[in-house]
>>> print(open('run-v9.cif').read())   # mmCIF, C-alpha atoms and all ligand atoms
data_data
loop_
_atom_site.label_atom_id
_atom_site.label_comp_id
_atom_site.auth_asym_id
_atom_site.auth_seq_id
_atom_site.Cartn_x
_atom_site.Cartn_y
_atom_site.Cartn_z
CA MET A 139 8.50 16.17 -15.02
CA ARG A 140 10.39 18.79 -13.05
CA ILE A 141 11.41 17.14 -9.79
CA ALA A 142 13.19 18.45 -6.68
CA ILE A 143 14.58 16.46 -3.79
CA ILE A 144 15.07 18.45 -0.59
CA GLY A 145 17.49 16.53 1.63
CA THR A 146 19.97 14.34 -0.17
CA GLY A 147 21.26 12.09 2.61
CA ASN A 148 20.94 8.29 2.62
CA LEU A 149 17.47 8.10 1.13
CA GLY A 150 17.35 11.35 -0.88
CA SER A 151 20.59 10.46 -2.68
CA SER A 152 19.31 6.90 -3.29
CA ILE A 153 16.13 8.29 -4.90
CA ALA A 154 18.27 10.68 -6.97
CA LYS A 155 20.48 7.81 -8.14
CA GLY A 156 17.43 5.80 -9.23
CA LEU A 157 15.83 8.75 -11.04
CA ILE A 158 19.09 9.60 -12.82
CA ALA A 159 19.58 5.99 -13.92
CA ASN A 160 16.10 6.10 -15.51
CA LYS A 161 16.44 9.69 -16.80
CA SER A 162 12.84 10.10 -15.67
CA PHE A 163 12.69 13.89 -15.41
CA THR A 164 13.06 17.05 -17.46
CA SER A 165 14.93 18.70 -14.60
CA LEU A 166 16.09 17.46 -11.20
CA TYR A 167 17.06 19.84 -8.39
CA LEU A 168 18.98 18.27 -5.52
CA SER A 169 19.00 20.58 -2.52
CA ASP A 170 20.76 20.07 0.80
CA LYS A 171 22.78 22.02 3.36
CA ASN A 172 25.52 19.49 2.68
CA THR A 173 25.50 18.19 -0.89
CA SER A 174 28.46 15.79 -0.53
CA ALA A 175 26.30 12.65 -1.01
CA VAL A 176 25.21 13.82 -4.49
CA LYS A 177 28.48 15.40 -5.64
CA ALA A 178 28.94 12.51 -8.08
CA PHE A 179 25.84 13.69 -10.01
CA GLU A 180 27.05 17.26 -10.63
CA ASN A 181 27.85 16.64 -14.31
CA GLU A 182 24.62 14.79 -15.11
CA ASN A 183 22.39 16.44 -17.71
CA TYR A 184 19.45 18.46 -16.36
CA VAL A 185 20.62 17.97 -12.74
CA THR A 186 21.23 21.01 -10.52
CA ILE A 187 22.85 20.62 -7.14
CA THR A 188 22.13 23.48 -4.76
CA ASN A 189 21.94 24.62 -1.13
CA ASP A 190 18.91 26.74 -2.01
CA ASN A 191 15.64 25.00 -1.08
CA VAL A 192 13.64 27.96 -2.39
CA LEU A 193 15.21 27.72 -5.84
CA ALA A 194 14.54 23.97 -5.88
CA VAL A 195 10.84 24.39 -5.01
CA GLU A 196 10.34 27.28 -7.44
CA SER A 197 11.93 25.30 -10.27
CA SER A 198 9.92 22.10 -9.81
CA ASP A 199 6.40 20.61 -9.99
CA ILE A 200 7.11 17.61 -7.80
CA VAL A 201 8.97 18.22 -4.54
CA ILE A 202 10.22 15.22 -2.56
CA PHE A 203 11.12 16.03 1.05
CA ALA A 204 13.71 13.46 2.18
CA LEU A 205 14.48 15.01 5.56
CA GLN A 206 14.64 13.59 9.04
CA PRO A 207 11.40 14.02 11.00
CA ARG A 208 13.12 16.56 13.34
CA HIS A 209 14.03 18.84 10.39
CA ILE A 210 11.07 18.57 8.05
CA ASP A 211 8.72 20.93 9.94
CA LYS A 212 11.13 23.87 9.78
CA VAL A 213 11.94 23.30 6.11
CA LEU A 214 8.24 22.98 5.15
CA GLU A 215 7.50 26.26 6.98
CA SER A 216 10.35 27.99 5.14
CA VAL A 217 9.01 27.09 1.68
CA SER A 218 5.27 26.87 2.40
CA SER A 219 4.47 30.23 0.75
CA LEU A 220 5.99 28.94 -2.51
CA ILE A 221 3.98 25.73 -2.69
CA THR A 222 0.98 26.07 -4.97
CA SER A 223 -2.00 23.82 -5.56
CA SER A 224 -0.35 22.50 -8.73
CA HIS A 225 2.75 21.27 -6.88
CA VAL A 226 2.82 17.65 -5.78
CA VAL A 227 4.54 17.43 -2.39
CA MET A 228 5.95 14.07 -1.41
CA SER A 229 7.44 13.20 1.96
CA VAL A 230 9.44 10.16 2.97
CA ALA A 231 9.85 11.23 6.63
CA ALA A 232 9.08 8.24 8.84
CA GLY A 233 6.28 8.82 11.35
CA PHE A 234 5.48 12.29 9.98
CA GLU A 235 1.77 12.30 9.20
CA ILE A 236 -0.03 13.96 6.29
CA SER A 237 -2.03 16.07 8.78
CA LYS A 238 1.23 17.62 10.06
CA ILE A 239 2.27 18.48 6.50
CA GLU A 240 -1.19 19.93 5.88
CA ASN A 241 -0.74 22.08 9.00
CA SER A 242 2.38 23.61 7.43
CA ILE A 243 1.35 23.99 3.79
CA GLY A 244 -2.46 23.64 3.80
CA SER A 245 -4.89 20.79 3.11
CA ASP A 246 -5.63 22.32 -0.31
CA LYS A 247 -2.19 21.12 -1.48
CA ASN A 248 -1.36 17.76 -3.09
CA ILE A 249 0.47 15.68 -0.48
CA ILE A 250 1.66 12.10 -0.87
CA ARG A 251 3.51 10.11 1.78
CA VAL A 252 6.04 7.86 0.15
CA MET A 253 7.79 5.05 1.97
CA PRO A 254 10.54 3.54 -0.18
CA ASN A 255 13.64 1.67 0.94
CA THR A 256 17.29 2.15 0.04
CA ALA A 257 17.04 -0.43 -2.78
CA ILE A 258 15.48 2.47 -4.69
CA SER A 259 19.04 3.37 -5.76
CA ILE A 260 19.14 0.20 -7.89
CA GLY A 261 15.49 0.27 -9.01
CA LYS A 262 14.38 -2.49 -6.64
CA SER A 263 12.50 -0.62 -3.92
CA MET A 264 9.23 -1.72 -2.37
CA THR A 265 7.55 1.66 -2.11
CA CYS A 266 4.26 2.27 -0.30
CA LEU A 267 2.17 5.34 -1.10
CA ALA A 268 -0.66 7.18 0.65
CA ALA A 269 -2.23 10.45 -0.51
CA ASN A 270 -4.34 13.16 1.14
CA ASP A 271 -7.83 13.88 -0.23
CA LYS A 272 -6.59 16.58 -2.60
CA ALA A 273 -3.92 14.31 -4.16
CA GLN A 274 -6.08 11.25 -4.87
CA ASP A 275 -5.83 12.01 -8.59
CA LYS A 276 -2.02 12.34 -8.33
CA ILE A 277 -1.47 8.85 -6.98
CA GLU A 278 -1.10 7.46 -10.53
CA LEU A 279 1.66 10.00 -11.16
CA ALA A 280 3.43 8.87 -7.98
CA LYS A 281 3.02 5.23 -9.05
CA ASP A 282 4.48 6.05 -12.48
CA ILE A 283 7.56 7.60 -10.86
CA PHE A 284 8.17 4.95 -8.23
CA ASN A 285 7.28 1.95 -10.42
CA GLN A 286 10.37 2.88 -12.44
CA LEU A 287 12.35 2.49 -9.22
CA GLY A 288 10.90 -0.82 -8.10
CA THR A 289 7.37 -1.85 -7.12
CA THR A 290 4.64 0.25 -5.52
CA MET A 291 1.63 -0.44 -3.32
CA VAL A 292 -1.03 2.14 -2.50
CA ILE A 293 -2.16 1.73 1.12
CA PRO A 294 -4.22 3.69 3.66
CA GLU A 295 -2.10 6.19 5.59
CA GLU A 296 -2.81 4.28 8.84
CA GLN A 297 -0.67 1.43 7.46
CA ILE A 298 2.33 3.54 6.51
CA GLN A 299 4.03 2.97 9.90
CA ALA A 300 3.72 -0.79 9.52
CA ALA A 301 4.98 -0.60 5.94
CA THR A 302 7.99 1.41 7.15
CA VAL A 303 8.97 -1.39 9.50
CA ILE A 304 8.46 -4.21 6.99
CA CYS A 305 9.95 -2.53 3.92
CA ALA A 306 12.31 0.29 5.00
CA SER A 307 13.69 -1.18 8.24
CA GLY A 308 13.23 -4.55 6.55
CA ILE A 309 16.33 -3.92 4.42
CA ALA A 310 18.38 -3.93 7.64
CA PHE A 311 16.64 -7.07 8.91
CA TRP A 312 17.40 -8.98 5.70
CA MET A 313 21.00 -7.69 5.68
CA ARG A 314 21.50 -9.08 9.18
CA LEU A 315 20.14 -12.48 8.10
CA VAL A 316 22.56 -12.51 5.16
CA ARG A 317 25.42 -11.50 7.47
CA ALA A 318 24.55 -14.21 10.01
CA THR A 319 24.55 -16.79 7.21
CA THR A 320 28.04 -15.71 6.16
CA GLN A 321 29.23 -16.04 9.76
CA GLY A 322 27.88 -19.59 9.80
CA ALA A 323 29.54 -20.34 6.47
CA ILE A 324 32.91 -19.04 7.69
CA GLN A 325 32.61 -21.32 10.71
CA LEU A 326 32.07 -24.21 8.27
CA GLY A 327 35.37 -23.37 6.56
CA PHE A 328 34.69 -20.88 3.75
CA GLU A 329 36.76 -17.75 3.24
CA ALA A 330 34.83 -14.59 4.10
CA HIS A 331 34.43 -13.50 0.46
CA GLU A 332 33.25 -16.98 -0.54
CA ALA A 333 30.82 -17.10 2.40
CA HIS A 334 29.38 -13.74 1.36
CA GLU A 335 28.85 -14.84 -2.24
CA LEU A 336 27.24 -18.13 -1.18
CA ALA A 337 24.87 -16.38 1.23
CA LEU A 338 23.98 -13.60 -1.17
CA GLN A 339 23.23 -15.75 -4.20
CA THR A 340 21.20 -18.19 -2.09
CA CYS A 341 19.14 -15.33 -0.64
CA TYR A 342 18.63 -13.90 -4.13
CA GLY A 343 17.63 -17.35 -5.40
CA ALA A 344 15.12 -17.84 -2.57
CA ALA A 345 13.43 -14.47 -3.21
CA SER A 346 13.43 -15.09 -6.98
CA LEU A 347 11.89 -18.55 -6.54
CA LEU A 348 8.98 -17.06 -4.58
CA LYS A 349 8.54 -14.16 -6.97
CA GLU A 350 8.67 -16.24 -10.14
CA SER A 351 6.78 -19.35 -8.99
CA GLY A 352 4.16 -17.52 -6.91
CA ARG A 353 4.40 -20.42 -4.44
CA HIS A 354 4.10 -20.17 -0.65
CA PRO A 355 7.44 -20.29 1.27
CA GLU A 356 6.40 -23.50 3.08
CA GLU A 357 5.88 -25.23 -0.27
CA GLU A 358 9.45 -24.32 -1.25
CA ILE A 359 10.65 -25.50 2.17
CA ASP A 360 8.93 -28.86 1.63
CA ARG A 361 10.90 -29.27 -1.62
CA VAL A 362 14.22 -28.84 0.22
CA THR A 363 13.60 -30.82 3.38
CA THR A 364 14.56 -34.44 2.72
CA PRO A 365 13.03 -36.73 5.40
CA SER A 366 15.53 -37.20 8.24
CA GLY A 367 17.86 -34.92 6.29
CA CYS A 368 20.10 -32.06 7.30
CA THR A 369 17.75 -29.21 6.27
CA ILE A 370 14.90 -30.13 8.62
CA GLU A 371 17.46 -30.77 11.37
CA GLY A 372 18.83 -27.24 11.02
CA LEU A 373 15.45 -25.60 10.48
CA ASN A 374 13.92 -27.20 13.56
CA GLU A 375 16.91 -26.22 15.69
CA MET A 376 16.56 -22.62 14.44
CA GLU A 377 12.89 -22.65 15.42
CA HIS A 378 13.66 -24.19 18.85
CA GLN A 379 16.02 -21.23 19.30
CA GLY A 380 13.22 -18.86 18.29
CA LEU A 381 14.08 -17.77 14.72
CA SER A 382 10.53 -16.92 13.57
CA SER A 383 9.58 -15.71 17.02
CA SER A 384 12.54 -13.32 17.34
CA LEU A 385 11.91 -11.91 13.86
CA ILE A 386 8.24 -11.28 14.67
CA LYS A 387 9.15 -9.77 18.07
CA GLY A 388 11.72 -7.50 16.40
CA ILE A 389 9.14 -6.32 13.86
CA ASN A 390 6.74 -5.55 16.71
CA ALA A 391 9.45 -3.65 18.66
CA SER A 392 10.19 -1.54 15.59
CA PHE A 393 6.48 -0.88 15.15
CA GLU A 394 6.12 0.22 18.80
CA LYS A 395 9.09 2.56 18.38
CA ILE A 396 7.81 4.16 15.17
CA ASN A 397 4.46 4.76 16.86
CA GLN A 398 6.27 6.54 19.72
CA LEU A 399 8.17 8.68 17.18
CA LYS A 400 4.81 9.62 15.63
CA LYS A 401 3.58 11.03 18.97
CA ASN A 402 6.64 13.32 19.41
N1 LIG B 501 17.31 5.47 5.39
C1 LIG B 501 16.26 4.76 5.01
O1 LIG B 501 16.33 3.60 4.59
C2 LIG B 501 14.89 5.34 5.04
C3 LIG B 501 14.64 6.59 5.58
N2 LIG B 501 13.39 7.09 5.60
C4 LIG B 501 13.12 8.43 6.09
O2 LIG B 501 13.75 9.33 5.19
C5 LIG B 501 14.14 10.49 5.87
C6 LIG B 501 15.58 10.80 5.57
O3 LIG B 501 16.39 9.75 6.09
P1 LIG B 501 17.91 9.65 5.71
O4 LIG B 501 18.09 9.95 4.26
O5 LIG B 501 18.39 8.36 6.25
O6 LIG B 501 18.49 10.91 6.57
P2 LIG B 501 19.85 11.70 6.33
O7 LIG B 501 20.18 12.38 7.62
O8 LIG B 501 20.87 10.80 5.70
O9 LIG B 501 19.45 12.80 5.24
C7 LIG B 501 18.75 13.98 5.54
C8 LIG B 501 19.42 15.12 4.80
O10 LIG B 501 18.68 16.30 5.06
C9 LIG B 501 19.60 17.38 5.06
N3 LIG B 501 19.03 18.56 5.69
C10 LIG B 501 18.80 18.80 7.01
N4 LIG B 501 18.29 20.04 7.17
C11 LIG B 501 18.17 20.58 5.92
C12 LIG B 501 17.70 21.82 5.43
N5 LIG B 501 17.27 22.79 6.27
N6 LIG B 501 17.72 22.04 4.11
C13 LIG B 501 18.19 21.08 3.24
N7 LIG B 501 18.66 19.88 3.66
C14 LIG B 501 18.65 19.64 4.98
C15 LIG B 501 20.81 16.83 5.80
O11 LIG B 501 21.97 17.60 5.51
C16 LIG B 501 20.85 15.40 5.26
O12 LIG B 501 21.72 15.27 4.15
C17 LIG B 501 13.88 10.26 7.35
O13 LIG B 501 12.71 10.95 7.69
C18 LIG B 501 13.68 8.77 7.46
O14 LIG B 501 12.73 8.49 8.45
C19 LIG B 501 12.38 6.43 4.99
C20 LIG B 501 12.57 5.20 4.43
C21 LIG B 501 13.83 4.57 4.44
O1 LIG B 502 15.24 3.73 11.28
C1 LIG B 502 14.44 4.64 11.00
O2 LIG B 502 13.83 5.23 11.90
C2 LIG B 502 14.20 5.04 9.56
C3 LIG B 502 12.81 4.73 9.13
C4 LIG B 502 12.91 3.47 8.32
C5 LIG B 502 14.30 3.39 7.98
N1 LIG B 502 15.00 4.27 8.64
#
>>> encode(input="run-v9.cif", output="structure tokens")
Amino acid sequence: MRIAIIGTGNLGSSIAKGLIANKSFTSLYLSDKNTSAVKAFENENYVTITNDNVLAVESSDIVIFALQPRHIDKVLESVSSLITSSHVVMSVAAGFEISKIENSIGSDKNIIRVMPNTAISIGKSMTCLAANDKAQDKIELAKDIFNQLGTTMVIPEEQIQAATVICASGIAFWMRLVRATTQGAIQLGFEAHEAHELALQTCYGAASLLKESGRHPEEEIDRVTTPSGCTIEGLNEMEHQGLSSSLIKGINASFEKINQLKKN
């Protein structure tokens, strides 16, 4: 597979890191105006770092556009004449619909919207995929690539905005929960580095329990909450203060915002 990533900022460089760790390409072009985020990969085999988007597109079969929504239109226009019906074009731009990409490069081209998160750099992304009509038979190829970098789910394009909030923004939401736990632990007397380790491993354990047991979170909660014990005391206080409610409201606020971005 000859792959190019156009835009190697936060997400583009994370995808590159994951692909390089898996060596899942025959060539990888990393193209950006500013290549500082991928400088560390310059000596990797079969990796070319460049400022030349045209060279990257011409040298690849799969082109991943990891640009901000305000830049992607111009870049697509600048390379549209080079994109053939055998290319597979992937875009991670949040709120940027397939129809807009089709307007730039044509609906006869293979287009797949990909919504990963930054855990892709360590092969643990939750990546959602949606393809245009032409690329329905390329979705397996996209799954093959992104399953090496975590887990994939194919969804209708209408759900990509919601998936962005839950999975891409979700990384930030979970980070804040981990951070808040460390702040609580420091207040209870742990050193900051100890608090961080305690919070992190407990969070990892909770996610692993759900993944490996297949049980519902409330079933796991029932196993921890001793009658009249400290866990239910804390949990109920958190709910009185609106823990679940504020999380759900935050998710809805993010969703409203991403839908506004889509209209711009
Ligand atoms: N950061 C995240 O966790 C996630 C981001 N996204 C989406 O991914 C996209 C990229 O986000 P980030 O990586 O955070 O942005 P970023 O700003 O870190 O990276 C974008 C890169 O594009 C480059 N660029 C701009 N114009 C260019 C041009 N003409 N030619 C070549 N390169 C050019 C910039 O120099 C920059 O390095 C956005 O559309 C965002 O909505 C999607 C999922 C998760
Ligand atoms: O915050 C944002 O708008 C982008 C999309 C999801 C993650 N980062």
>>> residues_near_ligand(input="run-v9.cif", ligand="ligand LIG 501 (chain B)", cutoff="7 Å", atoms="all atoms listed in the file", output="VMD selection string")
chain A and resid 144 to 150 169 to 173 189 191 204 to 207 209 213 230 to 232 253 to 256 302 306 to 307
>>> residues_around(input="run-v9.cif", residues="A:Gly261", least_positions_apart="3", cutoff="6 Å", atoms="all atoms listed in the file", output="PyMOL selection string")
chain A and resi 156+258+287-288
>>> write_last_selection(input="run-v9.cif", atoms="C-alpha atoms", output="PDB file, in the coordinates of the input")
ATOM      1  CA  GLY A 156      17.430   5.800  -9.230  1.00  0.00           C
ATOM      2  CA  ILE A 258      15.480   2.470  -4.690  1.00  0.00           C
ATOM      3  CA  LEU A 287      12.350   2.490  -9.220  1.00  0.00           C
ATOM      4  CA  GLY A 288      10.900  -0.820  -8.100  1.00  0.00           C
TER       5      GLY A 288
END
>>> residues_around(input="run-v9.cif", residues="A:Gln297", least_positions_apart="4", cutoff="12 Å", atoms="only C-alpha atoms", output="list in words")
Ala232, Gly233, Glu235, Arg251, Val252, Met253, Cys266, Leu267, Ala268, Met291, Val292, Ile293, Ala301, Thr302, Val303, Ile304, Cys305, Phe393, Ile396 and Asn397 of chain A
>>> write_last_selection(input="run-v9.cif", atoms="C-alpha atoms", output="compact mmCIF listing (two decimals), in the coordinates of the input")
# COMPACT_ATOMS: atom_id res chain seq x y z
CA ALA A 232 9.08 8.24 8.84
CA GLY A 233 6.28 8.82 11.35
CA GLU A 235 1.77 12.30 9.20
CA ARG A 251 3.51 10.11 1.78
CA VAL A 252 6.04 7.86 0.15
CA MET A 253 7.79 5.05 1.97
CA CYS A 266 4.26 2.27 -0.30
CA LEU A 267 2.17 5.34 -1.10
CA ALA A 268 -0.66 7.18 0.65
CA MET A 291 1.63 -0.44 -3.32
CA VAL A 292 -1.03 2.14 -2.50
CA ILE A 293 -2.16 1.73 1.12
CA ALA A 301 4.98 -0.60 5.94
CA THR A 302 7.99 1.41 7.15
CA VAL A 303 8.97 -1.39 9.50
CA ILE A 304 8.46 -4.21 6.99
CA CYS A 305 9.95 -2.53 3.92
CA PHE A 393 6.48 -0.88 15.15
CA ILE A 396 7.81 4.16 15.17
CA ASN A 397 4.46 4.76 16.86
>>> closest_residue(input="run-v9.cif", among="A:Cys368, A:Ala391, A:Ala142, A:Val362", to="ligand LIG 502 (chain B)", atoms="all atoms listed in the file")
A:Ala391
>>> closest_residue(input="run-v9.cif", among="A:Lys177, A:Arg208, A:Lys161, A:His378", to="ligand LIG 502 (chain B)", atoms="all atoms listed in the file")
A:Arg208
>>> closest_residue(input="run-v9.cif", among="A:Leu381, A:Gly308, A:Ile386, A:Lys349", to="ligand LIG 502 (chain B)", atoms="all atoms listed in the file")
A:Gly308
>>> closest_residue(input="run-v9.cif", among="A:Glu394, A:Glu371, A:Glu357, A:Asp199", to="ligand LIG 502 (chain B)", atoms="all atoms listed in the file")
A:Glu394
>>> atom_distance(input="run-v9.cif", atom1="atom CA of A:Ala175", atom2="atom CA of A:Asp190")
15.9 Å
>>> atom_distance(input="run-v9.cif", atom1="atom CA of A:Thr186", atom2="atom CA of A:Met139")
14.3 Å
>>> closest_residue(input="run-v9.cif", among="A:Leu348, A:Ala333, A:Ile298, A:Val192", to="ligand LIG 502 (chain B)", atoms="all atoms listed in the file")
A:Ile298
>>> residues_near_point(input="run-v9.cif", point="(5.5, 27.9, 1.9)", cutoff="12 Å", atoms="only C-alpha atoms", output="PDB file with C-alpha atoms, in the frame of the given file")
ATOM      1  CA  ASN A 191      15.640  25.000  -1.080  1.00  0.00           C
ATOM      2  CA  VAL A 192      13.640  27.960  -2.390  1.00  0.00           C
ATOM      3  CA  VAL A 195      10.840  24.390  -5.010  1.00  0.00           C
ATOM      4  CA  GLU A 196      10.340  27.280  -7.440  1.00  0.00           C
ATOM      5  CA  ASP A 211       8.720  20.930   9.940  1.00  0.00           C
ATOM      6  CA  LYS A 212      11.130  23.870   9.780  1.00  0.00           C
ATOM      7  CA  VAL A 213      11.940  23.300   6.110  1.00  0.00           C
ATOM      8  CA  LEU A 214       8.240  22.980   5.150  1.00  0.00           C
ATOM      9  CA  GLU A 215       7.500  26.260   6.980  1.00  0.00           C
ATOM     10  CA  SER A 216      10.350  27.990   5.140  1.00  0.00           C
ATOM     11  CA  VAL A 217       9.010  27.090   1.680  1.00  0.00           C
ATOM     12  CA  SER A 218       5.270  26.870   2.400  1.00  0.00           C
ATOM     13  CA  SER A 219       4.470  30.230   0.750  1.00  0.00           C
ATOM     14  CA  LEU A 220       5.990  28.940  -2.510  1.00  0.00           C
ATOM     15  CA  ILE A 221       3.980  25.730  -2.690  1.00  0.00           C
ATOM     16  CA  THR A 222       0.980  26.070  -4.970  1.00  0.00           C
ATOM     17  CA  SER A 223      -2.000  23.820  -5.560  1.00  0.00           C
ATOM     18  CA  HIS A 225       2.750  21.270  -6.880  1.00  0.00           C
ATOM     19  CA  VAL A 227       4.540  17.430  -2.390  1.00  0.00           C
ATOM     20  CA  ILE A 239       2.270  18.480   6.500  1.00  0.00           C
ATOM     21  CA  GLU A 240      -1.190  19.930   5.880  1.00  0.00           C
ATOM     22  CA  ASN A 241      -0.740  22.080   9.000  1.00  0.00           C
ATOM     23  CA  SER A 242       2.380  23.610   7.430  1.00  0.00           C
ATOM     24  CA  ILE A 243       1.350  23.990   3.790  1.00  0.00           C
ATOM     25  CA  GLY A 244      -2.460  23.640   3.800  1.00  0.00           C
ATOM     26  CA  LYS A 247      -2.190  21.120  -1.480  1.00  0.00           C
TER      27      LYS A 247
END
>>> closest_residue(input="run-v9.cif", among="A:Lys281, A:Lys272, A:Lys395, A:Arg361", to="ligand LIG 502 (chain B)", atoms="only C-alpha atoms and all ligand atoms")
A:Lys395
>>> residues_around(input="run-v9.cif", residues="stretch 372-377 of chain A", least_positions_apart="3", cutoff="12 Å", atoms="all atoms listed in the file", output="ChimeraX atom specification")
/A:322,356,359-360,362-364,366-369,380-385
